[in-house]
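For reference, the structure is listed below as C-alpha cells.
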Number of protein chains: 2
Amino acid sequence: MAPPFPARARILLTAHELFYRDGIRATGIDRVIAESGVAKLTFYRHFPSKNELVREFLEYRHRRWMAWFVDALQRHGGNSKALVPALAEWFGNGDYRGCAFINSVGELGETLPEVMEITRRHKQDMADAIGKLLPASRQRKRQAMDLALAVDGAIVRAQFDESPEAALASLERIRKSLLGSGRSAPPPAVRPMRS
Amino acid sequence: MAPPFPARARILLTAHELFYRDGIRATGIDRVIAESGVAKLTFYRHFPSKNELVREFLEYRHRRWMAWFVDALQRHGGNSKALVPALAEWFGNGDYRGCAFINSVGELGETLPEVMEITRRHKQDMADAIGKLLPASRQRKRQAMDLALAVDGAIVRAQFDESPEAALASLERIRKSLLGSGRSAPPPAVRPMRS
DNA sequence: TACAGGGTAGACAGATCTGTCTACAATGCA
DNA sequence: TGCATTGTAGACAGATCTGTCTACCCTGTA
C-alpha cells in the first residue's frame with residue numbers, strides 16, 4: 001500500500017479490514033504493519049500497543065457502520081419497513097462476517113474491558129437509529145429495543161447460515177408482528193386458509 | 001486435577017471450561033494440559049491436534065447444552081412460555097459468556113470450516129426443540145425459526161448487557177407477539193413482566 | 001544552509017504457541 | 001512371567017507474537 005493516505009489512516013484502514021475479516025487475535029501486529037506498508041516504528045508511534053489499536057478500530061468501525069446504517073435506512077424509506085432491505089445490503093455483501101462488536105465481545109470477553117463498554121454504546125446507538133423509524137408513541141423505546149434484539153438475532157444467523165434469506169424473512173415477520181403491521185390485532189384464532 | 005476421570009474426559013472437561021470462558025485462540029494447549037493434570041504425550045495421543053480438540057469440544061458442548069435446554073424447557077412447563085424462564089437460568093449463571101457456537105464462529109470464521117457446519121446443526125436442533133413447545137399447526141416450523149432467531153438475539157444481548165433482564169423482557173414480548181399470546185389483544189398498558 | 005519531524009528498513013529480545021521426542025512407571029492380562 | 005497399554009515428566013524445535021531499538025532518509029521551513 002503506497003501512501004495515498006497518511007500513515008495513521010492507512011494503519012487504521014488495514015486493521016479494520018484484517019480485524020473484521022480474520023478476527024483480532026488471529027491478526028498479528030506484524031501483519032497489519034506489512035499490509036499497510038508502514039514501518040514498525042511508525043506504527044508504534046501512532047499506536048502504543050495493540051490494545052490501543054483495537055480500541056481505535058472499534059471506534060472507527062462504530063462511526064463507519066452507523067453512518068452506513070442511517071444512510072441505508074433513509075434510502076429505503078426511513079420507516080420501519082426499511083430495516084430489512086437495509087440489512088439485506090449488508091448481509092449480501094461478500095465480505096459479510098457478522099457484527100464486529102459481537103465478534104469482539106465473543107473473542108476478547110473481559111480481557112479488554114473497554115470492548116464491552118464500546119459494544120453497549122454501539123448497540124444503544126443502533127437501537128436509537130431504529131427508534132427513529134417508528135411513529136412516536138409511549139411504547140416507541142420499547143419497540144426499538146425489541147426490534148434491535150431481533151436485528152442482532154438476524155445478524156448472527158446471517159453469519160453462519162448459507163444464505164441470509166431466512167434470517168431476513170424471520171426478522172420481517174417479527175417486525176410486522178411487533179408493530180401490528182398497521183395497528184390491528186394479533187393473528188386471528190382461526191388461521192387463514194392459505195397464505 | 002487428580003484422576004477422578006480417565007485422562008481423555010478430564011482433557012475434554014478442562015478444554016470446555018477454558019475454551020468457553022477465555023475463548024479458543026486465547027487458550028493454549030499447554031494451558032489445557034497443565035490444568036487437566038495430564039502429560040503432553042497423553043494429550044496428543046487422544047487429540048492429534050488442537051483443531052481436533054476444538055471439534056470435540058464443540059460436539060461435547062452441543063450434547064451438553066441441548067440436554068440442559070430440553071430439560072429446562074420441560075421443567076418450566078414444556079410450552080412456549082417456558083422459553084424465557086429457561087434462558088433466565090442460563091443467563092443468570094455467573095459463568096455465562098454467550099453461545100459457544102456463536103463465539104466460535106466469530107472467532108474462527110472460515111479458518112476451521114467445520115465450526116460453521118456444527119453451528120448450523122446446533123442451531124437447527126435448538127430451533128427443533130423450540131418447535132416442540134408449539135401447538136401443531138401449519139406455521140409451527142416458521143414460528144420456531146422466528147423464535148430461535150429472537151433467542152439468538154437475546155443470547156448476544158445478555159452477553160454484553162449489565163443485566164439479562166432487558167433481553168429476557170424483549171424476548172418475551174416477541175414471543176407473545178409472534179404467538180398471539182393465546183388469543184388476546186396487543187401490548188397491555190400494564191406490563192405483565194415482574195422485575 | 002541547518003535542522004526538526006516524520007518516515008523507512010530491519011535486527012533483536014523475550015514470551016508463548018503447537019507439536020515431537022526420549023525415557024521411565026504402573027497396571028492388567030495371557 | 002512377559003508384554004501391551006496407558007500413563008508421567010519434561011526437553012526440544014521451530015514458528016510467531018508483541019514491543020524496543022539502531023541507523024538512515026527525505027522534505028519543508030527558519
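Chains: A, B, ... in order of the C-alpha cells. Residues: from 1 per chain. Ligands: from 1, in order shown.
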Practice task
Over all C-alpha atoms, paired in order, superpose chain A onto chain B by least squares and report how large the RMSD is in Å.
Solution key: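 My reading of the C-alpha RMSD is 2.8 Å.
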Exercise for the section: Output as number ranges by chain the set of chain D residues within 10 Å of chain B, with distances taken over only C-alpha atoms (C1' of nucleotides). Expected result: D: 6-10
Could those residues be written to a file, using N, CA and C atoms (P, O5', C5', C4', C3', O3' and C1' of nucleotides), as a short mmCIF file (atom, residue, chain, number, x, y, z; two decimals), in the first residue's frame?
```cif
data_model
loop_
_atom_site.label_atom_id
_atom_site.label_comp_id
_atom_site.auth_asym_id
_atom_site.auth_seq_id
_atom_site.Cartn_x
_atom_site.Cartn_y
_atom_site.Cartn_z
P DT D 6 -4.81 -48.23 25.40
"O5'" DT D 6 -4.42 -47.24 26.59
"C5'" DT D 6 -4.79 -47.58 27.93
"C4'" DT D 6 -3.95 -46.78 28.89
"C3'" DT D 6 -3.87 -45.28 28.52
"O3'" DT D 6 -4.52 -44.53 29.53
"C1'" DT D 6 -1.79 -46.18 29.24
P DG D 7 -4.68 -42.95 29.38
"O5'" DG D 7 -3.42 -42.35 30.18
"C5'" DG D 7 -3.47 -42.35 31.58
"C4'" DG D 7 -2.08 -42.40 32.17
"C3'" DG D 7 -1.26 -41.12 32.08
"O3'" DG D 7 -1.67 -40.18 33.05
"C1'" DG D 7 0.09 -43.08 31.86
P DT D 8 -1.06 -38.75 32.99
"O5'" DT D 8 0.45 -38.88 33.50
"C5'" DT D 8 0.71 -39.43 34.80
"C4'" DT D 8 2.19 -39.25 35.10
"C3'" DT D 8 2.66 -37.82 34.86
"O3'" DT D 8 3.12 -37.22 36.05
"C1'" DT D 8 4.06 -39.38 33.70
P DA D 9 3.39 -35.67 36.03
"O5'" DA D 9 4.92 -35.53 35.60
"C5'" DA D 9 5.92 -36.36 36.15
"C4'" DA D 9 7.27 -35.96 35.58
"C3'" DA D 9 7.40 -34.47 35.30
"O3'" DA D 9 8.67 -34.02 35.80
"C1'" DA D 9 7.83 -35.68 33.31
P DG D 10 8.98 -32.43 35.88
"O5'" DG D 10 9.71 -32.14 34.49
"C5'" DG D 10 10.76 -32.99 34.09
"C4'" DG D 10 11.07 -32.78 32.63
"C3'" DG D 10 11.06 -31.31 32.18
"O3'" DG D 10 12.21 -31.08 31.40
"C1'" DG D 10 9.93 -32.62 30.66
#
```
Practice task
Give as number ranges by chain every residue of chain B that touches chain C within 12 Å, counting only C-alpha atoms (C1' of nucleotides).
Solution key: B: 25-31, 40-41, 43-45, 47-51
Determine, for each residue of chain B having at least one atom at most 6 Å from an atom of chain A, the closest pair of atoms and their separation in Å to one decimal, counting only C-alpha atoms; order by chain and ascending number, as a Markdown table.
```
| residue | atom | partner | partner_atom | distance |
| --- | --- | --- | --- | --- |
| B:Gly23 | CA | A:Glu107 | CA | 5.9 |
| B:Asn103 | CA | A:Gly106 | CA | 4.8 |
| B:Gly106 | CA | A:Asn103 | CA | 4.8 |
| B:Glu107 | CA | A:Glu107 | CA | 5.5 |
| B:Met116 | CA | A:Phe160 | CA | 5.9 |
| B:Asp146 | CA | A:Ser170 | CA | 5.0 |
| B:Leu149 | CA | A:Gly153 | CA | 5.0 |
| B:Ala150 | CA | A:Ala150 | CA | 5.2 |
| B:Asp152 | CA | A:Gly153 | CA | 4.9 |
| B:Gly153 | CA | A:Gly153 | CA | 3.7 |
| B:Phe160 | CA | A:Met116 | CA | 5.9 |
| B:Ser170 | CA | A:Asp146 | CA | 5.0 |
| B:Ser177 | CA | A:Ser177 | CA | 5.9 |
| B:Leu178 | CA | A:Ser177 | CA | 5.9 |
| B:Gly180 | CA | A:Pro186 | CA | 5.3 |
```
Would you write out those residues with C-alpha atoms, as a JSON list (two decimals), in the first residue's frame?
```json
[["chain", "number", "residue", "atom", "x", "y", "z"],
["B", 23, "GLY", "CA", -12.00, -18.19, 24.05],
["B", 103, "ASN", "CA", -18.49, -17.14, 19.77],
["B", 106, "GLY", "CA", -16.98, -15.13, 15.33],
["B", 107, "GLU", "CA", -13.53, -16.10, 16.47],
["B", 116, "MET", "CA", -19.79, -23.37, 10.66],
["B", 146, "ASP", "CA", -38.52, -16.90, 14.18],
["B", 149, "LEU", "CA", -33.71, -16.07, 15.84],
["B", 150, "ALA", "CA", -35.06, -13.97, 18.67],
["B", 152, "ASP", "CA", -30.10, -15.77, 19.44],
["B", 153, "GLY", "CA", -30.68, -12.07, 19.75],
["B", 160, "PHE", "CA", -22.73, -7.73, 26.96],
["B", 170, "SER", "CA", -37.74, -8.24, 24.85],
["B", 177, "SER", "CA", -46.43, -11.08, 19.76],
["B", 178, "LEU", "CA", -45.49, -13.91, 17.40],
["B", 180, "GLY", "CA", -50.64, -14.09, 19.58]]
```
Practice task
Tell me which protein, DNA and RNA residues are within 8 Å of range 62-67 of chain A, counting only C-alpha atoms (C1' of nucleotides), leaving out same-chain ones fewer than 5 positions away, and put them as a ChimeraX atom specification.
Solution key: /A:122,125-126
Handout entry: Spatial neighbours of Ala86 in chain A, max dist 8 Å, only C-alpha atoms (C1' of nucleotides), sep filter under 5 positions, as a list in words
Key =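 Final neighbour list, sorted by chain and number: Phe69, Ala72, Leu73 and His76 of chain A.
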Exercise for the section: Provide the CA of Glu59 in chain B to CA of Ala15 in chain B distance in Å, to one decimal place. Expected result: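 Rounded to one decimal, the two atoms are 12.2 Å apart.
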Exercise for the section: Pull the alpha helix (DSSP H) assignments for chain B out of DSSP run on the backbone, and list those residues as number ranges by chain. Expected result: B: 7-22, 29-36, 40-46, 50-75, 83-92, 100-108, 113-131, 140-160, 165-179
Problem - All residues 12 Å or closer to Glu89 in chain B, only C-alpha atoms (C1' of nucleotides), same chain fewer than 3 positions away omitted, as a list in words - result: Trp68, Phe69, Asp71, Ala72, Leu73, Arg75, His76, Ala82, Leu83, Val84, Pro85, Ala86, Gly92, Asn93, Gly94, Asp95, Tyr96, Ala158, Pro164, Glu165 and Leu168 of chain B
Go ahead and dump the residues you just picked, C-alpha atoms, as a PDB file, in the first residue's frame.
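Final file, part.pdb:
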```
ATOM      1  CA  TRP B  68     -29.763 -28.924  29.595  1.00  0.00           C
ATOM      2  CA  PHE B  69     -32.035 -26.970  27.270  1.00  0.00           C
ATOM      3  CA  ASP B  71     -34.662 -30.448  30.371  1.00  0.00           C
ATOM      4  CA  ALA B  72     -35.056 -26.835  31.422  1.00  0.00           C
ATOM      5  CA  LEU B  73     -37.894 -26.319  28.965  1.00  0.00           C
ATOM      6  CA  ARG B  75     -39.123 -28.215  33.969  1.00  0.00           C
ATOM      7  CA  HIS B  76     -40.670 -24.859  33.143  1.00  0.00           C
ATOM      8  CA  ALA B  82     -41.031 -21.972  29.290  1.00  0.00           C
ATOM      9  CA  LEU B  83     -38.570 -20.303  26.945  1.00  0.00           C
ATOM     10  CA  VAL B  84     -37.850 -17.191  28.960  1.00  0.00           C
ATOM     11  CA  PRO B  85     -37.530 -18.750  32.423  1.00  0.00           C
ATOM     12  CA  ALA B  86     -35.329 -21.477  30.977  1.00  0.00           C
ATOM     13  CA  GLY B  92     -28.187 -15.675  35.319  1.00  0.00           C
ATOM     14  CA  ASN B  93     -25.406 -18.147  35.809  1.00  0.00           C
ATOM     15  CA  GLY B  94     -22.255 -16.265  36.742  1.00  0.00           C
ATOM     16  CA  ASP B  95     -20.216 -18.164  34.171  1.00  0.00           C
ATOM     17  CA  TYR B  96     -22.453 -17.077  31.325  1.00  0.00           C
ATOM     18  CA  ALA B 158     -27.372 -10.903  27.572  1.00  0.00           C
ATOM     19  CA  PRO B 164     -30.053 -10.010  31.251  1.00  0.00           C
ATOM     20  CA  GLU B 165     -33.437  -8.592  32.297  1.00  0.00           C
ATOM     21  CA  LEU B 168     -35.422 -11.502  28.517  1.00  0.00           C
TER      22      LEU B 168
END
```
Practice task
Work out how far apart CA of Arg8 in chain A and C1' of DA15 in chain D are and give it in Å to one decimal.
Solution key: 29.0 Å
Handout entry: Å distance separating CA of Val32 in chain B from C1' of DA11 in chain D, one decimal place
Key =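 Computing the Euclidean distance for CA of Val32 in chain B and C1' of DA11 in chain D yields 19.2 Å.
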